[in-house]
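Structure file entry_35.cif (mmCIF, C-alpha atoms and all ligand atoms) is printed below.
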data_run
loop_
_atom_site.label_atom_id
_atom_site.label_comp_id
_atom_site.auth_asym_id
_atom_site.auth_seq_id
_atom_site.Cartn_x
_atom_site.Cartn_y
_atom_site.Cartn_z
CA MET H 1 82.12 109.93 90.97
CA THR H 2 81.42 106.56 92.53
CA THR H 3 84.57 104.54 92.92
CA LEU H 4 85.19 101.23 94.66
CA SER H 5 86.90 103.24 97.42
CA SER H 6 83.94 105.52 98.02
CA THR H 7 81.43 102.65 97.86
CA LEU H 8 83.34 100.62 100.44
CA GLN H 9 83.88 103.64 102.67
CA GLU H 10 80.19 104.50 102.59
CA MET H 11 79.17 100.93 103.37
CA SER H 12 81.75 100.76 106.13
CA THR H 13 80.51 103.97 107.73
CA GLY H 14 77.09 102.31 107.80
CA LEU H 15 78.62 99.49 109.88
CA GLN H 16 80.37 101.83 112.33
CA GLU H 17 77.75 101.72 115.10
CA GLN H 18 77.63 97.90 114.97
CA LEU H 19 81.42 97.68 114.99
CA VAL H 20 81.64 99.92 118.07
CA SER H 21 79.20 97.70 119.92
CA MET H 22 81.13 94.52 118.94
CA ARG H 23 84.42 96.06 119.97
CA ARG H 24 83.03 97.10 123.35
CA GLU H 25 81.64 93.63 123.97
CA LEU H 26 85.07 92.13 123.25
CA HIS H 27 86.68 94.81 125.40
CA ARG H 28 84.46 93.93 128.38
CA HIS H 29 85.39 90.22 128.10
CA PRO H 30 89.14 89.94 127.45
CA GLU H 31 90.71 86.48 127.38
CA LEU H 32 94.37 85.49 127.61
CA SER H 33 96.40 83.81 124.87
CA GLY H 34 95.16 80.31 124.11
CA GLU H 35 92.07 80.80 126.29
CA GLU H 36 90.00 82.82 123.80
CA HIS H 37 86.95 80.50 123.94
CA GLU H 38 84.19 83.10 124.41
CA THR H 39 85.93 85.43 121.96
CA THR H 40 85.98 82.61 119.41
CA ALA H 41 82.26 81.94 119.95
CA ARG H 42 81.42 85.65 119.53
CA ILE H 43 83.45 85.99 116.32
CA ARG H 44 81.82 82.89 114.84
CA ALA H 45 78.35 84.18 115.70
CA TRP H 46 78.99 87.66 114.23
CA LEU H 47 80.48 86.26 111.00
CA THR H 48 77.61 83.82 110.61
CA GLU H 49 75.14 86.66 111.12
CA ALA H 50 76.89 88.59 108.33
CA GLY H 51 76.61 85.54 106.06
CA VAL H 52 80.39 85.00 105.98
CA PRO H 53 81.25 81.28 105.52
CA LEU H 54 83.55 79.72 108.11
CA ARG H 55 86.32 77.37 107.13
CA GLU H 56 86.84 74.71 109.77
CA LEU H 57 90.39 74.20 111.00
CA ASN H 58 91.24 71.96 113.89
CA LEU H 59 91.81 74.86 116.33
CA THR H 60 91.03 75.09 120.04
CA THR H 61 90.59 78.87 119.75
CA GLY H 62 90.62 81.23 116.77
CA VAL H 63 88.47 81.40 113.64
CA LEU H 64 89.10 81.16 109.91
CA ALA H 65 86.48 82.59 107.52
CA GLU H 66 86.59 82.39 103.75
CA ILE H 67 84.67 84.54 101.33
CA GLN H 68 84.16 82.62 98.10
CA GLY H 69 84.47 84.79 95.04
CA GLY H 70 82.11 84.39 92.11
CA ARG H 71 85.01 83.70 89.76
CA PRO H 72 88.25 81.71 90.15
CA GLY H 73 91.44 83.45 91.25
CA PRO H 74 94.06 83.52 94.01
CA THR H 75 93.45 83.36 97.75
CA ILE H 76 94.34 86.40 99.87
CA LEU H 77 94.62 86.25 103.66
CA LEU H 78 93.67 89.07 106.06
CA ARG H 79 94.80 88.46 109.60
CA ALA H 80 93.71 89.86 112.99
CA ASP H 81 94.85 88.75 116.45
CA ILE H 82 92.28 88.21 119.22
CA ASP H 83 94.01 87.77 122.59
CA ALA H 84 94.25 90.07 125.63
CA LEU H 85 96.82 90.64 128.39
CA PRO H 86 97.24 90.00 132.13
CA VAL H 87 96.81 93.72 132.92
CA GLN H 88 94.37 95.36 135.38
CA GLU H 89 92.45 97.99 133.40
CA GLU H 90 92.51 101.54 134.80
CA THR H 91 90.74 103.50 132.04
CA GLY H 92 87.51 104.00 134.00
CA LEU H 93 85.57 103.58 130.72
CA PRO H 94 81.93 102.46 130.94
CA PHE H 95 82.84 99.39 128.85
CA ALA H 96 86.06 98.59 130.76
CA SER H 97 87.09 94.98 131.32
CA GLU H 98 84.75 93.03 133.59
CA ILE H 99 87.41 90.42 134.28
CA PRO H 100 89.88 91.31 137.05
CA GLY H 101 93.51 91.33 135.92
CA ARG H 102 92.62 90.95 132.22
CA MET H 103 92.56 93.72 129.64
CA HIS H 104 92.60 94.30 125.91
CA ALA H 105 95.57 96.58 126.55
CA CYS H 106 97.09 96.04 123.10
CA GLY H 107 93.92 96.77 121.12
CA HIS H 108 93.48 93.31 119.62
CA ASP H 109 89.73 93.85 120.17
CA PHE H 110 90.09 96.67 117.62
CA HIS H 111 91.95 94.42 115.15
CA THR H 112 89.33 91.67 115.47
CA THR H 113 86.38 94.02 115.01
CA SER H 114 87.97 95.80 112.03
CA MET H 115 88.48 92.50 110.24
CA ILE H 116 84.90 91.39 110.99
CA GLY H 117 83.88 94.66 109.29
CA ALA H 118 86.15 93.91 106.32
CA ALA H 119 84.67 90.39 106.08
CA ALA H 120 81.12 91.76 106.05
CA LEU H 121 82.02 94.25 103.29
CA LEU H 122 83.75 91.59 101.21
CA GLN H 123 80.86 89.16 101.62
CA LYS H 124 78.54 91.78 100.10
CA HIS H 125 80.91 91.93 97.09
CA ALA H 126 81.49 88.16 96.92
CA SER H 127 79.84 87.59 93.53
CA THR H 128 82.17 90.16 91.87
CA LEU H 129 85.41 88.79 93.38
CA ALA H 130 87.86 86.81 91.27
CA GLY H 131 89.29 84.55 93.96
CA ASN H 132 88.77 83.94 97.66
CA VAL H 133 89.53 86.10 100.68
CA ARG H 134 90.36 84.27 103.87
CA ILE H 135 90.07 86.16 107.16
CA LEU H 136 92.02 84.74 110.04
CA PHE H 137 91.27 85.59 113.67
CA GLN H 138 94.48 84.32 115.20
CA PRO H 139 94.79 83.31 118.86
CA ALA H 140 97.82 83.70 121.14
CA GLU H 141 99.79 86.48 119.46
CA GLU H 142 101.07 87.80 122.80
CA THR H 143 102.78 84.48 123.57
CA ALA H 144 104.17 84.19 120.02
CA SER H 145 102.57 80.77 119.64
CA GLY H 146 99.32 81.36 117.71
CA ALA H 147 100.68 81.86 114.18
CA LYS H 148 102.67 78.64 114.44
CA THR H 149 99.54 76.74 115.50
CA VAL H 150 97.29 78.07 112.73
CA ILE H 151 99.96 77.55 110.06
CA ALA H 152 100.33 73.93 111.21
CA ALA H 153 96.52 73.61 110.98
CA GLY H 154 96.66 74.68 107.33
CA ALA H 155 95.50 78.33 107.42
CA LEU H 156 98.16 79.37 104.85
CA GLU H 157 97.57 76.58 102.34
CA GLY H 158 96.98 78.03 98.89
CA VAL H 159 97.43 81.64 100.08
CA SER H 160 99.20 84.07 97.69
CA ALA H 161 99.62 87.11 99.98
CA VAL H 162 98.87 88.17 103.55
CA PHE H 163 97.90 91.55 105.04
CA GLY H 164 97.58 92.66 108.65
CA MET H 165 98.01 95.57 111.01
CA HIS H 166 98.63 96.82 114.48
CA ASN H 167 96.91 99.86 115.92
CA LYS H 168 99.30 102.74 116.60
CA PRO H 169 98.47 105.19 119.41
CA GLU H 170 100.93 107.83 118.15
CA LEU H 171 99.28 108.13 114.73
CA PRO H 172 96.04 110.09 114.41
CA VAL H 173 92.88 108.43 113.08
CA GLY H 174 92.90 108.46 109.27
CA THR H 175 96.65 107.91 109.07
CA VAL H 176 98.45 104.70 108.19
CA GLY H 177 102.16 103.96 108.62
CA LEU H 178 103.82 101.95 105.86
CA ARG H 179 107.35 100.70 105.41
CA VAL H 180 109.05 98.37 102.94
CA GLY H 181 111.39 95.88 104.64
CA PRO H 182 111.70 95.25 108.39
CA LEU H 183 109.01 96.85 110.58
CA MET H 184 109.22 94.76 113.75
CA ALA H 185 112.23 92.89 115.06
CA SER H 186 113.07 89.22 115.27
CA VAL H 187 112.63 87.86 118.79
CA ASP H 188 114.91 85.23 120.30
CA ARG H 189 115.52 84.16 123.88
CA PHE H 190 118.69 82.99 125.56
CA ILE H 191 119.61 81.37 128.87
CA VAL H 192 123.18 81.28 130.25
CA ARG H 193 124.09 78.84 133.01
CA VAL H 194 127.33 79.52 134.93
CA LYS H 195 129.04 76.81 136.96
CA GLY H 196 131.68 77.82 139.51
CA VAL H 197 132.89 76.47 142.83
CA GLY H 198 131.11 77.62 145.96
CA GLY H 199 132.62 78.22 149.37
CA HIS H 200 133.34 80.53 152.30
CA ALA H 201 133.00 84.25 151.61
CA GLY H 202 136.23 84.84 153.60
CA ILE H 203 138.21 82.22 151.67
CA PRO H 204 137.66 83.23 148.01
CA GLU H 205 140.88 81.56 146.83
CA ALA H 206 139.21 78.19 147.34
CA THR H 207 136.24 79.14 145.14
CA VAL H 208 135.41 80.05 141.55
CA ASP H 209 132.93 82.86 142.18
CA PRO H 210 129.96 82.67 139.76
CA ILE H 211 128.89 86.20 140.76
CA VAL H 212 132.11 87.69 139.42
CA VAL H 213 131.93 85.44 136.34
CA SER H 214 128.28 86.31 135.67
CA SER H 215 129.00 90.04 136.02
CA ALA H 216 131.84 89.73 133.53
CA ILE H 217 129.59 87.87 131.09
CA VAL H 218 126.85 90.54 131.35
CA GLY H 219 129.46 93.21 130.60
CA ALA H 220 131.02 91.28 127.72
CA LEU H 221 127.63 90.62 126.10
CA GLN H 222 127.32 94.39 125.53
CA THR H 223 130.11 94.14 122.95
CA LEU H 224 128.00 91.85 120.72
CA VAL H 225 126.12 94.89 119.46
CA SER H 226 128.89 97.50 119.69
CA ARG H 227 131.76 95.35 118.29
CA ASN H 228 130.31 92.35 116.42
CA THR H 229 127.24 93.81 114.69
CA SER H 230 127.60 96.03 111.62
CA PRO H 231 126.79 99.70 112.33
CA HIS H 232 124.41 99.43 109.36
CA HIS H 233 122.38 96.79 111.18
CA ALA H 234 120.24 97.16 114.29
CA ALA H 235 120.35 94.79 117.23
CA VAL H 236 119.49 94.70 120.92
CA VAL H 237 120.88 92.27 123.49
CA SER H 238 119.11 92.59 126.86
CA VAL H 239 119.86 90.51 129.94
CA CYS H 240 116.56 90.65 131.86
CA ARG H 241 117.07 88.14 134.68
CA LEU H 242 120.22 87.41 136.65
CA GLN H 243 120.11 85.06 139.63
CA VAL H 244 123.21 84.19 141.64
CA GLY H 245 123.54 83.46 145.34
CA SER H 246 121.17 83.42 148.29
CA SER H 247 123.18 84.48 151.32
CA TRP H 248 125.49 87.29 152.53
CA ASN H 249 128.43 85.11 153.50
CA VAL H 250 128.44 82.15 151.11
CA ILE H 251 129.93 82.25 147.62
CA PRO H 252 127.39 80.33 145.54
CA GLU H 253 128.12 77.37 143.31
CA SER H 254 126.27 78.49 140.19
CA GLY H 255 124.22 81.20 138.54
CA GLU H 256 121.77 81.70 135.72
CA MET H 257 120.74 84.60 133.51
CA GLU H 258 118.34 85.01 130.63
CA GLY H 259 117.29 87.63 128.18
CA THR H 260 116.35 88.44 124.62
CA VAL H 261 118.01 89.37 121.33
CA ARG H 262 116.25 91.54 118.73
CA THR H 263 117.40 92.31 115.20
CA PHE H 264 115.98 93.47 111.88
CA GLN H 265 118.46 91.82 109.50
CA ARG H 266 118.62 88.08 108.78
CA GLU H 267 122.41 88.25 108.70
CA ALA H 268 122.68 89.78 112.17
CA ARG H 269 120.21 87.24 113.53
CA ALA H 270 122.12 84.37 112.00
CA ASN H 271 125.48 85.47 113.42
CA LEU H 272 124.52 86.42 116.98
CA PRO H 273 124.02 82.96 118.57
CA GLU H 274 127.55 81.80 117.70
CA GLN H 275 129.10 85.12 118.72
CA MET H 276 127.23 84.95 122.02
CA ARG H 277 128.30 81.34 122.64
CA ARG H 278 131.94 82.30 122.09
CA VAL H 279 131.77 85.20 124.56
CA VAL H 280 129.88 83.23 127.22
CA GLU H 281 132.14 80.15 127.14
CA ASN H 282 135.43 82.01 126.89
CA VAL H 283 134.74 84.71 129.47
CA ALA H 284 133.83 81.93 131.92
CA ALA H 285 136.95 79.96 130.97
CA GLY H 286 139.08 83.03 131.67
CA TYR H 287 137.95 82.84 135.31
CA GLY H 288 138.33 79.06 135.52
CA ALA H 289 134.56 78.58 135.43
CA GLU H 290 132.23 76.94 132.94
CA ALA H 291 129.23 78.50 131.24
CA GLU H 292 126.80 77.25 128.64
CA LEU H 293 124.41 79.07 126.36
CA GLU H 294 120.92 77.83 125.52
CA TRP H 295 119.50 79.67 122.48
CA ILE H 296 115.74 79.54 121.98
CA GLY H 297 114.87 80.80 118.49
CA MET H 298 111.39 82.33 118.43
CA LEU H 299 110.36 84.72 115.64
CA PRO H 300 111.91 86.26 112.53
CA ALA H 301 111.44 89.98 111.79
CA VAL H 302 108.21 91.34 110.29
CA ASN H 303 109.53 92.03 106.82
CA ASN H 304 107.27 93.88 104.39
CA ASP H 305 107.19 93.01 100.70
CA ALA H 306 107.67 96.03 98.41
CA ALA H 307 104.80 95.18 96.03
CA ALA H 308 102.37 94.45 98.89
CA ILE H 309 103.24 97.79 100.53
CA GLU H 310 102.91 99.63 97.21
CA LEU H 311 99.42 98.15 96.72
CA THR H 312 98.40 99.11 100.27
CA ASP H 313 99.78 102.62 99.79
CA ARG H 314 97.76 103.09 96.59
CA VAL H 315 94.50 101.89 98.20
CA ALA H 316 95.03 104.02 101.33
CA ARG H 317 95.55 107.17 99.25
CA SER H 318 92.52 106.42 97.07
CA GLN H 319 90.46 106.28 100.27
CA GLY H 320 91.80 109.68 101.29
CA LEU H 321 93.93 108.37 104.14
CA GLN H 322 97.19 110.02 105.06
CA VAL H 323 100.19 107.75 104.48
CA VAL H 324 103.34 108.24 106.54
CA GLU H 325 106.59 106.32 106.71
CA ALA H 326 106.15 103.77 109.51
CA VAL H 327 108.62 103.98 112.39
CA SER H 328 109.94 100.48 113.05
CA THR H 329 110.05 98.96 116.52
CA MET H 330 112.16 96.34 118.32
CA GLY H 331 108.94 94.70 119.51
CA GLY H 332 108.08 91.41 117.80
CA GLU H 333 104.98 90.00 116.07
CA ASP H 334 104.24 86.45 114.99
CA PHE H 335 102.79 87.86 111.73
CA ALA H 336 106.43 87.43 110.67
CA LEU H 337 105.87 83.66 110.38
CA TYR H 338 103.30 84.15 107.60
CA GLN H 339 105.69 86.46 105.76
CA GLU H 340 108.33 83.74 105.84
CA GLN H 341 106.06 81.73 103.53
CA VAL H 342 104.12 84.27 101.44
CA PRO H 343 104.66 87.96 100.61
CA GLY H 344 102.74 90.37 102.76
CA ALA H 345 102.32 93.76 104.36
CA PHE H 346 101.90 94.66 108.01
CA LEU H 347 100.97 98.26 108.72
CA TRP H 348 100.37 100.73 111.52
CA MET H 349 96.76 101.89 111.74
CA GLY H 350 96.40 105.30 113.39
CA THR H 351 94.15 105.08 116.47
CA GLY H 352 95.12 108.28 118.26
CA GLY H 353 95.55 106.99 121.82
CA THR H 354 97.27 108.66 124.76
CA GLU H 355 99.06 105.62 126.22
CA GLN H 356 101.39 103.03 124.75
CA TRP H 357 100.48 99.36 124.13
CA HIS H 358 100.11 97.24 127.29
CA HIS H 359 99.52 100.30 129.55
CA PRO H 360 96.61 99.96 132.06
CA LYS H 361 95.14 103.21 130.66
CA PHE H 362 95.58 102.22 126.99
CA THR H 363 92.72 103.54 124.83
CA LEU H 364 92.00 104.04 121.15
CA ASN H 365 89.67 106.10 119.01
CA GLU H 366 86.89 103.86 117.71
CA ASP H 367 86.40 106.08 114.62
CA ALA H 368 89.26 104.07 113.16
CA LEU H 369 87.10 100.89 113.09
CA SER H 370 85.16 101.57 109.88
CA ILE H 371 88.22 103.26 108.31
CA SER H 372 90.24 100.12 108.89
CA ALA H 373 87.45 97.80 107.69
CA ALA H 374 87.11 99.69 104.40
CA LEU H 375 90.87 99.81 103.85
CA PHE H 376 91.39 96.07 104.34
CA ALA H 377 88.36 95.16 102.23
CA GLU H 378 89.72 97.14 99.29
CA VAL H 379 93.29 95.94 99.85
CA ALA H 380 91.98 92.36 99.59
CA ILE H 381 90.05 93.13 96.40
CA GLU H 382 93.08 94.81 94.80
CA ALA H 383 95.32 91.96 95.93
CA LEU H 384 93.06 89.41 94.19
CA GLN H 385 93.91 91.17 90.93
CA ALA H 386 97.58 91.79 91.71
CA TYR H 387 98.27 88.18 92.69
CA ALA H 388 96.21 86.54 89.91
CA LYS H 389 98.45 84.03 88.16
NI NI V 1 99.52 93.71 120.08
#
Mind turning this structure into structure tokens?
Amino acid sequence: MTTLSSTLQEMSTGLQEQLVSMRRELHRHPELSGEEHETTARIRAWLTEAGVPLRELNLTTGVLAEIQGGRPGPTILLRADIDALPVQEETGLPFASEIPGRMHACGHDFHTTSMIGAAALLQKHASTLAGNVRILFQPAEETASGAKTVIAAGALEGVSAVFGMHNKPELPVGTVGLRVGPLMASVDRFIVRVKGVGGHAGIPEATVDPIVVSSAIVGALQTLVSRNTSPHHAAVVSVCRLQVGSSWNVIPESGEMEGTVRTFQREARANLPEQMRRVVENVAAGYGAEAELEWIGMLPAVNNDAAAIELTDRVARSQGLQVVEAVSTMGGEDFALYQEQVPGAFLWMGTGGTEQWHHPKFTLNEDALSISAALFAEVAIEALQAYAK
């Protein structure tokens, strides 16, 4: 029996060789966040070759395409990220990065190529679509700044639902990980500045030692998760930089630390800045010092909509893919910013690699390219129906 699933899968398999060659070209020429100029030019050229119309946004890097359906209907957004990392590749592959210190070590070359495949498939079905499918090739995911830029440029205007993915080395090819609710954590940054009184190492009574104060603050911050956060919620508070003092016999005047807070629940995220401020200021005061907290809010959690996940689950099974419950991670993703405005689903796409994201020997199985292209093409088609007004 010929179904939409089997038609798309067959067409996608026909694209596989082309997709592999695109992915390898991207892999050889990785570009850092915000600097994806050649990548942008390549994506534009490939989409144009496939007859996919581009929608011009005022972006320095990144591409927005829009497939115009033959009949009116909603607009669905598929999103890929396109940037690489400051990592020296050590895979030894024949198509390894040709740029020293730059590598597609998070597989965004895979995401980009998969969505070009989905765009090509959808373009071939354009006349039968009731609504438009927008495909966004987003810059600067790694620096958590790209989604904000493209939203400000209007990429989300008129969009009813958004779908995206990250490759997952632990899952075999042909498997997708799905989860309703939080999948990736919120990401916030904090800086604590401690002000004491410096002086002679042998005359501590004349000083207020910021090293002792900073140590006490680092210890007390551990209670934010263990004592202030509900055991039913998940949170991480990590101090990642602590700088105090520069000599062996001088008590310094001040110190500074910074780190990150991750949570899945809105409530936990909302409460933590005030709890942290209270601990920081009062621990310092207990030692006669002063400390101030600077909180830099960055990203909410990736939070999957139940209906969008249910739709994705149904399409994945109809294409014969194995669906597993996605394991959530405390890593962040600026896909979360789209989900703040429209419902959406972000999934794990099995790519059967041996190393984790960002590792210099990170690899993935390219067989997942056409699988992913077919899945997202059909998800978009189903979503046009599901989100029709
Ligand atoms: Ni990534």
Point to revise | segment 350-366 of chain H environment, 9 Å, only C-alpha atoms, sequence neighbours closer than 4 positions dropped, as a PyMOL selection string | key: chain H and resi 16+19-20+23+85+87-92+103-107+110+166-177+370
Review point. Using all atoms listed in the file, can you list as a ChimeraX atom specification the residues within 10 Å of (102.2, 98.4, 112.4)?
Key: /H:164-168,176-179,183-184,302,326-329,333,345-350
Practice item. Compile the contact shell of Ser97 of chain H as number ranges by chain: residues with an atom at most 7 Å away, counting all atoms listed in the file, same-chain residues fewer than 4 positions apart removed. Key: H: 27-30, 89, 102-103
Point to revise | 9 Å contact set for Lys195 of chain H, only C-alpha atoms, chain neighbours under 4 positions out, as JSON, numbers by chain | key: {"H": [208, 209, 210, 253, 254, 255, 256, 284, 289, 290, 291, 292]}
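The closest residue to Ala144 of chain H, picked from H:Glu10, H:Glu49, H:Asp83, H:Glu378 and counting all atoms listed in the file, is H:Asp83.
The space between atom CA of Gly288 of chain H and atom CA of Arg227 of chain H spans 24.6 Å.
Between Leu32 of chain H and the residues H:Pro86, H:Gly69, H:Gly320, H:Pro273, the shortest atom-to-atom distance, using only C-alpha atoms, involves H:Pro86.
Between ligand NI 1 (chain V) and the residues H:Ser21, H:Asn271, H:Gln265, H:Thr112, the shortest atom-to-atom distance, using all atoms listed in the file, involves H:Thr112.
The nearest approach to ligand NI 1 (chain V) among the residues H:Val315, H:Ala84, H:Val63, H:Ala161, with all atoms listed in the file taken into account, belongs to H:Ala84.
Atom pair atom CA of Gly51 of chain H / atom CA of Ile67 of chain H has a distance of 9.4 Å (rounded to one decimal).
One finds atom CA of Asp81 of chain H at 7.5 Å from atom CA of Ala140 of chain H.
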Check your understanding: Using all atoms listed in the file, can you list as a PyMOL selection string the residues within 9 Å of (115.3, 89.5, 111.2)?
Key -> chain H and resi 182+184-187+262-270+299-303
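Take the candidates H:Thr207, H:Thr7, H:Asn132, H:Ser12 and check each one against Ala368 of chain H using only C-alpha atoms; the shortest distance goes to H:Ser12.
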**Study point:** Distance query Gly73 of chain H at most 7 Å, all atoms listed in the file, self and fewer than 2 positions along chain excluded, as a list in words
**Key:** Arg71, Thr75, Ala130, Gly131, Asn132, Leu384 and Ala388 of chain H
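With only C-alpha atoms as the atoms that count, the minimum distance from Ser145 of chain H to the choices H:Gly245, H:Pro100, H:Gly62, H:Gly34 is reached by H:Gly34.
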